[in-house]
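**Q** The structure that follows is given in the form of structure tokens.
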Amino acid sequence: MNEARTKRISKYLSRHLRHDPARIGLSLDPAGWVDVDVLLAALRQNGMALSRAELETVVATNDKRRFALDEAGTRIRASQGHSVAVDLGLPPAQPPPYLYHGTVGRVLESIRAEGLRPMARQHVHLSPDRETATRVGARRGKPVVLPVAAGAMREAGHVFHLSENGVWLTAAVPPAFLRFPGIGS
Ligand code: HQG
């Protein structure tokens with residue numbers, strides 16, 4: 001399968017497994033899972049016919065491992081990034097002392113005032129390293145990386161989860177736990 005098709009399928013799956021399952025007649029279970037056969041039938045009916053082997057290839061080769069099959073291989077879900085309410089059932093996890101959030105300059109003023117909010121998604125997404133956060137920010141323009149004092153947040157009682165694909169999730173980050181770039185940097 002060529003890269004363009006893999007990417008197209010990944011985007012299509014993200015849209016329907018994270019944001020708008022009803023658009024193609026799907027409903028996610030409370031943990032975000034959908035039956036693989038039901039998904040393949042919905043894809044077929046919506047002009048996105050895909051074999052099970054192709055779906056497995058997309059899951060296995062996806063650049064950010066965005067999707068996961070369950071142990072039996074009968075259900076699939078997005079590992080994070082949902083805007084629809086799902087409970088991924090992830091246990092609370094101890095974050096490293098610092099995590100990183102990639103964003104862009106035009107929202108910094110708002111983030112200084114309000115901290116990080118999940119916006120359209122269910123969680124604030126944090127990266128384990130600056131490189132990943134830089135890529136996340138670069139989706140929207142010139143990236144700005146904000147260090148997050150995750151260890152201190154945890155000590156203050158904030159809860160963190162680590163998604164199956166290595167993204168750190170938390171409900172919100174108050175401004176006091178963020179480090180902002182200084183003037184001129
Ligand atoms: C910003 C991608 C104003 C925040 C990535 C971000 C990630 C605020 C945007 C995943 C704000 C939300 C998530 C506030 C936060 N005022 N703006 N108070 N608080 N923001 O896409 O972290 O390719 O929901 O900085 O790699 O950019 O989809 O979050 O710019 O892992 O798999 O509001 O999505 O993965 O944007 O990205 P998003 P994100 P996928």
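As shown in the structure tokens, the chain order sets the letters A, B, ...; within each chain, residues go from 1, and ligands are also counted from 1 in the order they appear.
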Just asking: which residues within chain A are helix (DSSP H, G or I) according to DSSP, as a short mmCIF file (atom, residue, chain, number, x, y, z; two decimals) with N, CA and C atoms, in the first residue's frame?

**A**
data_model
loop_
_atom_site.label_atom_id
_atom_site.label_comp_id
_atom_site.auth_asym_id
_atom_site.auth_seq_id
_atom_site.Cartn_x
_atom_site.Cartn_y
_atom_site.Cartn_z
N GLU A 3 2.13 5.27 0.38
CA GLU A 3 2.10 6.16 1.54
C GLU A 3 0.88 7.10 1.51
N ALA A 4 0.54 7.55 0.30
CA ALA A 4 -0.59 8.48 0.19
C ALA A 4 -1.88 7.80 0.65
N ARG A 5 -2.05 6.54 0.25
CA ARG A 5 -3.26 5.82 0.65
C ARG A 5 -3.26 5.55 2.16
N THR A 6 -2.11 5.16 2.67
CA THR A 6 -2.02 4.91 4.11
C THR A 6 -2.40 6.17 4.89
N LYS A 7 -1.88 7.31 4.43
CA LYS A 7 -2.15 8.57 5.13
C LYS A 7 -3.64 8.93 5.04
N ARG A 8 -4.19 8.72 3.85
CA ARG A 8 -5.61 9.03 3.66
C ARG A 8 -6.47 8.18 4.60
N ILE A 9 -6.13 6.89 4.69
CA ILE A 9 -6.90 6.00 5.57
C ILE A 9 -6.71 6.43 7.02
N SER A 10 -5.49 6.79 7.40
CA SER A 10 -5.23 7.20 8.78
C SER A 10 -6.06 8.43 9.14
N LYS A 11 -6.12 9.39 8.24
CA LYS A 11 -6.91 10.60 8.51
C LYS A 11 -8.39 10.26 8.63
N TYR A 12 -8.83 9.37 7.74
CA TYR A 12 -10.24 8.98 7.76
C TYR A 12 -10.58 8.26 9.07
N LEU A 13 -9.68 7.37 9.49
CA LEU A 13 -9.91 6.65 10.75
C LEU A 13 -9.87 7.62 11.93
N SER A 14 -8.92 8.57 11.92
CA SER A 14 -8.86 9.55 13.02
C SER A 14 -10.18 10.30 13.13
N ARG A 15 -10.66 10.74 11.99
CA ARG A 15 -11.91 11.51 12.01
C ARG A 15 -13.04 10.71 12.65
N HIS A 16 -13.14 9.43 12.25
CA HIS A 16 -14.31 8.68 12.68
C HIS A 16 -14.12 7.90 13.98
N LEU A 17 -12.88 7.65 14.37
CA LEU A 17 -12.66 6.95 15.65
C LEU A 17 -12.39 7.92 16.80
N ARG A 18 -12.17 9.23 16.45
CA ARG A 18 -11.93 10.21 17.51
C ARG A 18 -13.04 11.25 17.62
N HIS A 19 -13.59 11.63 16.46
CA HIS A 19 -14.40 12.85 16.46
C HIS A 19 -15.85 12.65 16.01
N PRO A 21 -17.88 9.53 14.80
CA PRO A 21 -18.23 8.17 14.37
C PRO A 21 -19.61 8.10 13.70
N ALA A 22 -20.53 8.93 14.19
CA ALA A 22 -21.91 8.88 13.66
C ALA A 22 -21.96 9.21 12.17
N ARG A 23 -20.99 9.97 11.69
CA ARG A 23 -20.99 10.37 10.28
C ARG A 23 -21.05 9.16 9.35
N ILE A 24 -20.42 8.05 9.77
CA ILE A 24 -20.48 6.84 8.93
C ILE A 24 -21.24 5.72 9.65
N VAL A 36 -14.11 -4.52 14.49
CA VAL A 36 -13.38 -4.37 13.22
C VAL A 36 -14.30 -4.66 12.03
N ASP A 37 -15.11 -5.70 12.13
CA ASP A 37 -15.98 -6.04 10.99
C ASP A 37 -17.02 -4.94 10.74
N VAL A 38 -17.51 -4.36 11.83
CA VAL A 38 -18.48 -3.25 11.70
C VAL A 38 -17.79 -2.04 11.06
N LEU A 39 -16.57 -1.77 11.49
CA LEU A 39 -15.82 -0.65 10.90
C LEU A 39 -15.58 -0.89 9.41
N LEU A 40 -15.13 -2.10 9.05
CA LEU A 40 -14.83 -2.38 7.64
C LEU A 40 -16.09 -2.25 6.78
N ALA A 41 -17.22 -2.69 7.32
CA ALA A 41 -18.48 -2.56 6.57
C ALA A 41 -18.85 -1.08 6.39
N ALA A 42 -18.66 -0.29 7.45
CA ALA A 42 -18.98 1.15 7.36
C ALA A 42 -18.05 1.83 6.36
N LEU A 43 -16.79 1.44 6.36
CA LEU A 43 -15.84 2.03 5.40
C LEU A 43 -16.27 1.69 3.97
N ARG A 44 -16.63 0.44 3.78
CA ARG A 44 -17.05 -0.02 2.44
C ARG A 44 -18.25 0.79 1.97
N GLN A 45 -19.21 0.97 2.87
CA GLN A 45 -20.44 1.70 2.50
C GLN A 45 -20.18 3.17 2.22
N ARG A 52 -9.11 -6.34 5.62
CA ARG A 52 -8.66 -6.44 7.00
C ARG A 52 -7.13 -6.35 7.08
N ALA A 53 -6.47 -6.98 6.09
CA ALA A 53 -5.00 -6.93 6.07
C ALA A 53 -4.50 -5.49 5.91
N GLU A 54 -5.19 -4.72 5.05
CA GLU A 54 -4.79 -3.32 4.88
C GLU A 54 -4.98 -2.53 6.18
N LEU A 55 -6.10 -2.80 6.85
CA LEU A 55 -6.35 -2.12 8.13
C LEU A 55 -5.23 -2.45 9.11
N GLU A 56 -4.86 -3.72 9.16
CA GLU A 56 -3.80 -4.13 10.08
C GLU A 56 -2.48 -3.46 9.73
N THR A 57 -2.23 -3.29 8.43
CA THR A 57 -1.01 -2.60 8.00
C THR A 57 -1.03 -1.16 8.47
N VAL A 58 -2.18 -0.50 8.31
CA VAL A 58 -2.28 0.91 8.76
C VAL A 58 -2.02 1.00 10.26
N VAL A 59 -2.62 0.08 11.02
CA VAL A 59 -2.43 0.10 12.48
C VAL A 59 -0.95 -0.10 12.82
N ALA A 60 -0.33 -1.06 12.13
CA ALA A 60 1.05 -1.43 12.47
C ALA A 60 2.07 -0.39 12.01
N THR A 61 1.80 0.29 10.90
CA THR A 61 2.83 1.16 10.32
C THR A 61 2.55 2.64 10.56
N GLY A 105 2.96 30.87 18.84
CA GLY A 105 3.02 32.14 19.54
C GLY A 105 1.68 32.83 19.70
N ARG A 106 0.80 32.68 18.72
CA ARG A 106 -0.43 33.49 18.77
C ARG A 106 -1.37 33.11 19.90
N VAL A 107 -1.19 31.94 20.51
CA VAL A 107 -2.08 31.56 21.62
C VAL A 107 -1.41 31.71 22.99
N LEU A 108 -0.16 32.19 22.98
CA LEU A 108 0.58 32.23 24.26
C LEU A 108 -0.08 33.13 25.30
N GLU A 109 -0.60 34.27 24.82
CA GLU A 109 -1.21 35.18 25.79
C GLU A 109 -2.37 34.51 26.52
N SER A 110 -3.17 33.82 25.74
CA SER A 110 -4.30 33.12 26.33
C SER A 110 -3.82 32.00 27.27
N ILE A 111 -2.77 31.29 26.86
CA ILE A 111 -2.25 30.20 27.70
C ILE A 111 -1.63 30.76 28.98
N ARG A 112 -0.98 31.93 28.89
CA ARG A 112 -0.44 32.57 30.11
C ARG A 112 -1.57 32.86 31.09
N ALA A 113 -2.70 33.27 30.58
CA ALA A 113 -3.82 33.64 31.44
C ALA A 113 -4.57 32.42 31.98
N GLU A 114 -4.81 31.44 31.12
CA GLU A 114 -5.70 30.33 31.49
C GLU A 114 -4.99 29.02 31.74
N ARG A 130 11.24 17.47 23.80
CA ARG A 130 11.10 18.71 23.05
C ARG A 130 10.90 18.47 21.56
N GLU A 131 11.58 17.45 21.02
CA GLU A 131 11.50 17.20 19.58
C GLU A 131 10.06 16.88 19.18
N THR A 132 9.43 16.01 19.95
CA THR A 132 8.05 15.65 19.63
C THR A 132 7.14 16.86 19.77
N ALA A 133 7.33 17.63 20.84
CA ALA A 133 6.50 18.82 21.05
C ALA A 133 6.70 19.83 19.93
N THR A 134 7.91 19.92 19.42
CA THR A 134 8.19 20.84 18.32
C THR A 134 7.38 20.43 17.09
N ARG A 135 7.33 19.14 16.84
CA ARG A 135 6.55 18.65 15.68
C ARG A 135 5.06 18.94 15.88
N VAL A 136 4.58 18.77 17.11
CA VAL A 136 3.15 19.03 17.39
C VAL A 136 2.83 20.50 17.13
N GLY A 137 3.70 21.39 17.64
CA GLY A 137 3.48 22.83 17.44
C GLY A 137 3.56 23.23 15.98
N ALA A 138 4.48 22.57 15.25
CA ALA A 138 4.72 22.94 13.85
C ALA A 138 3.52 22.66 12.95
N ALA A 150 5.60 18.67 35.24
CA ALA A 150 4.64 17.58 35.43
C ALA A 150 4.82 16.89 36.78
N GLY A 151 6.08 16.76 37.22
CA GLY A 151 6.32 16.12 38.51
C GLY A 151 5.68 16.93 39.64
N ALA A 152 5.84 18.26 39.57
CA ALA A 152 5.24 19.13 40.60
C ALA A 152 3.71 19.09 40.51
N MET A 153 3.21 19.01 39.29
CA MET A 153 1.74 18.90 39.14
C MET A 153 1.23 17.64 39.81
N ARG A 154 1.95 16.54 39.57
CA ARG A 154 1.53 15.25 40.15
C ARG A 154 1.52 15.36 41.67
N GLU A 155 2.58 15.98 42.20
CA GLU A 155 2.66 16.13 43.67
C GLU A 155 1.52 16.99 44.19
N PRO A 175 -1.38 27.81 34.78
CA PRO A 175 -0.22 28.59 34.32
C PRO A 175 1.01 28.45 35.22
N ALA A 176 0.79 28.26 36.52
CA ALA A 176 1.93 28.20 37.45
C ALA A 176 2.87 27.04 37.13
N PHE A 177 2.39 26.01 36.42
CA PHE A 177 3.24 24.86 36.12
C PHE A 177 3.87 24.96 34.74
#

**Q** Determine which residues of chain A receive a DSSP assignment of strand (DSSP E), computed from the backbone, and state them as number ranges by chain.

**A** A: 34-35, 67-69, 75-78, 99-104, 124-126, 143-148, 160-162, 168-170

**Q** Keeping only N, CA and C atoms, write those residues as an mmCIF file, in the first residue's frame.

**A**
data_model
loop_
_atom_site.group_PDB
_atom_site.id
_atom_site.type_symbol
_atom_site.label_atom_id
_atom_site.label_comp_id
_atom_site.auth_asym_id
_atom_site.auth_seq_id
_atom_site.Cartn_x
_atom_site.Cartn_y
_atom_site.Cartn_z
ATOM 1 N N VAL A 34 -14.515 -0.064 18.565
ATOM 2 C CA VAL A 34 -15.539 -0.454 17.603
ATOM 3 C C VAL A 34 -15.106 -1.790 17.006
ATOM 4 N N ASP A 35 -16.096 -2.639 16.713
ATOM 5 C CA ASP A 35 -15.825 -3.949 16.136
ATOM 6 C C ASP A 35 -15.183 -3.773 14.751
ATOM 7 N N PHE A 67 -3.677 4.103 16.278
ATOM 8 C CA PHE A 67 -4.784 3.154 16.459
ATOM 9 C C PHE A 67 -4.267 1.873 17.088
ATOM 10 N N ALA A 68 -5.157 1.215 17.834
ATOM 11 C CA ALA A 68 -4.764 -0.048 18.462
ATOM 12 C C ALA A 68 -5.878 -1.066 18.289
ATOM 13 N N LEU A 69 -5.489 -2.302 18.050
ATOM 14 C CA LEU A 69 -6.437 -3.416 18.068
ATOM 15 C C LEU A 69 -6.429 -4.002 19.470
ATOM 16 N N ARG A 75 -11.450 -5.794 17.871
ATOM 17 C CA ARG A 75 -11.920 -4.408 18.029
ATOM 18 C C ARG A 75 -10.764 -3.451 17.804
ATOM 19 N N ILE A 76 -11.109 -2.229 17.402
ATOM 20 C CA ILE A 76 -10.087 -1.211 17.139
ATOM 21 C C ILE A 76 -10.524 0.090 17.812
ATOM 22 N N ARG A 77 -9.553 0.900 18.223
ATOM 23 C CA ARG A 77 -9.869 2.240 18.713
ATOM 24 C C ARG A 77 -8.689 3.169 18.448
ATOM 25 N N ALA A 78 -8.935 4.471 18.557
ATOM 26 C CA ALA A 78 -7.852 5.452 18.564
ATOM 27 C C ALA A 78 -7.242 5.448 19.954
ATOM 28 N N LEU A 99 7.443 17.561 31.188
ATOM 29 C CA LEU A 99 6.879 17.177 29.894
ATOM 30 C C LEU A 99 6.845 18.450 29.055
ATOM 31 N N TYR A 100 6.447 18.331 27.801
ATOM 32 C CA TYR A 100 6.531 19.483 26.889
ATOM 33 C C TYR A 100 5.245 19.614 26.082
ATOM 34 N N HIS A 101 4.848 20.861 25.873
ATOM 35 C CA HIS A 101 3.668 21.124 25.044
ATOM 36 C C HIS A 101 4.080 21.971 23.856
ATOM 37 N N GLY A 102 3.755 21.502 22.674
ATOM 38 C CA GLY A 102 4.079 22.246 21.455
ATOM 39 C C GLY A 102 2.883 23.069 21.018
ATOM 40 N N THR A 103 3.122 24.382 20.860
ATOM 41 C CA THR A 103 2.034 25.250 20.426
ATOM 42 C C THR A 103 2.616 26.346 19.533
ATOM 43 N N VAL A 104 1.892 27.437 19.373
ATOM 44 C CA VAL A 104 2.362 28.543 18.520
ATOM 45 C C VAL A 104 2.190 29.874 19.259
ATOM 46 N N VAL A 124 -5.573 17.611 27.679
ATOM 47 C CA VAL A 124 -4.385 18.314 27.188
ATOM 48 C C VAL A 124 -3.366 17.231 26.829
ATOM 49 N N HIS A 125 -2.708 17.423 25.678
ATOM 50 C CA HIS A 125 -1.723 16.437 25.209
ATOM 51 C C HIS A 125 -0.324 16.966 25.448
ATOM 52 N N LEU A 126 0.496 16.166 26.094
ATOM 53 C CA LEU A 126 1.875 16.570 26.394
ATOM 54 C C LEU A 126 2.842 15.533 25.840
ATOM 55 N N PRO A 143 6.735 26.698 15.659
ATOM 56 C CA PRO A 143 6.458 26.066 16.950
ATOM 57 C C PRO A 143 7.098 26.769 18.145
ATOM 58 N N VAL A 144 6.374 26.771 19.240
ATOM 59 C CA VAL A 144 6.875 27.232 20.533
ATOM 60 C C VAL A 144 6.681 26.068 21.496
ATOM 61 N N VAL A 145 7.732 25.713 22.222
ATOM 62 C CA VAL A 145 7.644 24.576 23.143
ATOM 63 C C VAL A 145 7.602 25.086 24.581
ATOM 64 N N LEU A 146 6.592 24.691 25.316
ATOM 65 C CA LEU A 146 6.448 25.099 26.721
ATOM 66 C C LEU A 146 6.757 23.915 27.633
ATOM 67 N N PRO A 147 7.816 24.013 28.459
ATOM 68 C CA PRO A 147 8.034 22.970 29.454
ATOM 69 C C PRO A 147 6.915 22.993 30.507
ATOM 70 N N VAL A 148 6.507 21.819 30.925
ATOM 71 C CA VAL A 148 5.440 21.657 31.920
ATOM 72 C C VAL A 148 6.041 20.936 33.124
ATOM 73 N N PHE A 160 -2.247 12.139 35.750
ATOM 74 C CA PHE A 160 -1.717 11.949 34.395
ATOM 75 C C PHE A 160 -1.992 10.534 33.927
ATOM 76 N N HIS A 161 -2.162 10.413 32.620
ATOM 77 C CA HIS A 161 -2.269 9.086 31.996
ATOM 78 C C HIS A 161 -1.307 9.052 30.820
ATOM 79 N N LEU A 162 -0.782 7.869 30.552
ATOM 80 C CA LEU A 162 0.100 7.687 29.396
ATOM 81 C C LEU A 162 -0.653 6.842 28.380
ATOM 82 N N TRP A 168 1.289 11.859 26.768
ATOM 83 C CA TRP A 168 0.844 12.096 28.147
ATOM 84 C C TRP A 168 -0.419 12.937 28.132
ATOM 85 N N LEU A 169 -1.388 12.523 28.946
ATOM 86 C CA LEU A 169 -2.696 13.176 28.960
ATOM 87 C C LEU A 169 -2.997 13.678 30.364
ATOM 88 N N THR A 170 -3.538 14.885 30.449
ATOM 89 C CA THR A 170 -4.004 15.400 31.741
ATOM 90 C C THR A 170 -5.161 16.351 31.473
#

**Q** Which residue gives the smallest distance to ligand 1 among A:Pro174, A:Pro97, A:Gly32, A:Pro91, with only C-alpha atoms and all ligand atoms counted?

**A**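 Closest candidate: A:Pro174.
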
**Q** Kindly give the distance, in Å, that separates atom 25 (O, counted along the ligand's line) of ligand 1 and CA of Ala171 (chain A), rounded to a single decimal.

**A**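 Distance reported for this atom pair: 13.5 Å.
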
**Q** CA of Pro96 (chain A) to CA of Val167 (chain A): how many Å, to one decimal?

**A**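 Computing it gives 12.5 Å between the two atoms.
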
**Q** Between CA of Ala172 (chain A) and atom 3 (C, counted along the ligand's line) of ligand 1, what distance in Å does the model show, to one decimal?

**A**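 A separation of 11.9 Å between them.
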
**Q** Select, from A:Val159, A:Leu28, A:Met1, A:Leu116, the residue with the minimum atom-to-atom distance to ligand 1, counting only C-alpha atoms and all ligand atoms.

**A** A:Leu116

**Q** Just checking: using only C-alpha atoms and all ligand atoms, which residue out of A:Pro181, A:Gly141, A:Gly81, A:Gly25 ends up closest to ligand 1?

**A**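 With only C-alpha atoms and all ligand atoms as the atom set, the closest residue is A:Gly81.
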
**Q** Just checking: using only C-alpha atoms, which residue out of A:Ser79, A:Pro92, A:His158, A:Pro30 ends up closest to Asn62 (chain A)?

**A**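 Residue with the minimum atom-to-atom distance to Asn62 (chain A): A:Ser79.
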
**Q** Let me make sure I understand: among A:Asp29, A:Asp129, A:Asp63, A:Asp87, which one has the smallest atom-to-atom distance to ligand 1 if we use only C-alpha atoms and all ligand atoms?

**A**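 Of A:Asp29, A:Asp129, A:Asp63, A:Asp87, the one nearest ligand 1, counting only C-alpha atoms and all ligand atoms, is A:Asp63.
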
**Q** Restricting the calculation to only C-alpha atoms and all ligand atoms: of A:Pro118, A:Gly73, A:Pro95, A:Gly89, which residue gets closest to ligand 1?

**A**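 Under the stated criterion, the closest residue is A:Pro118.
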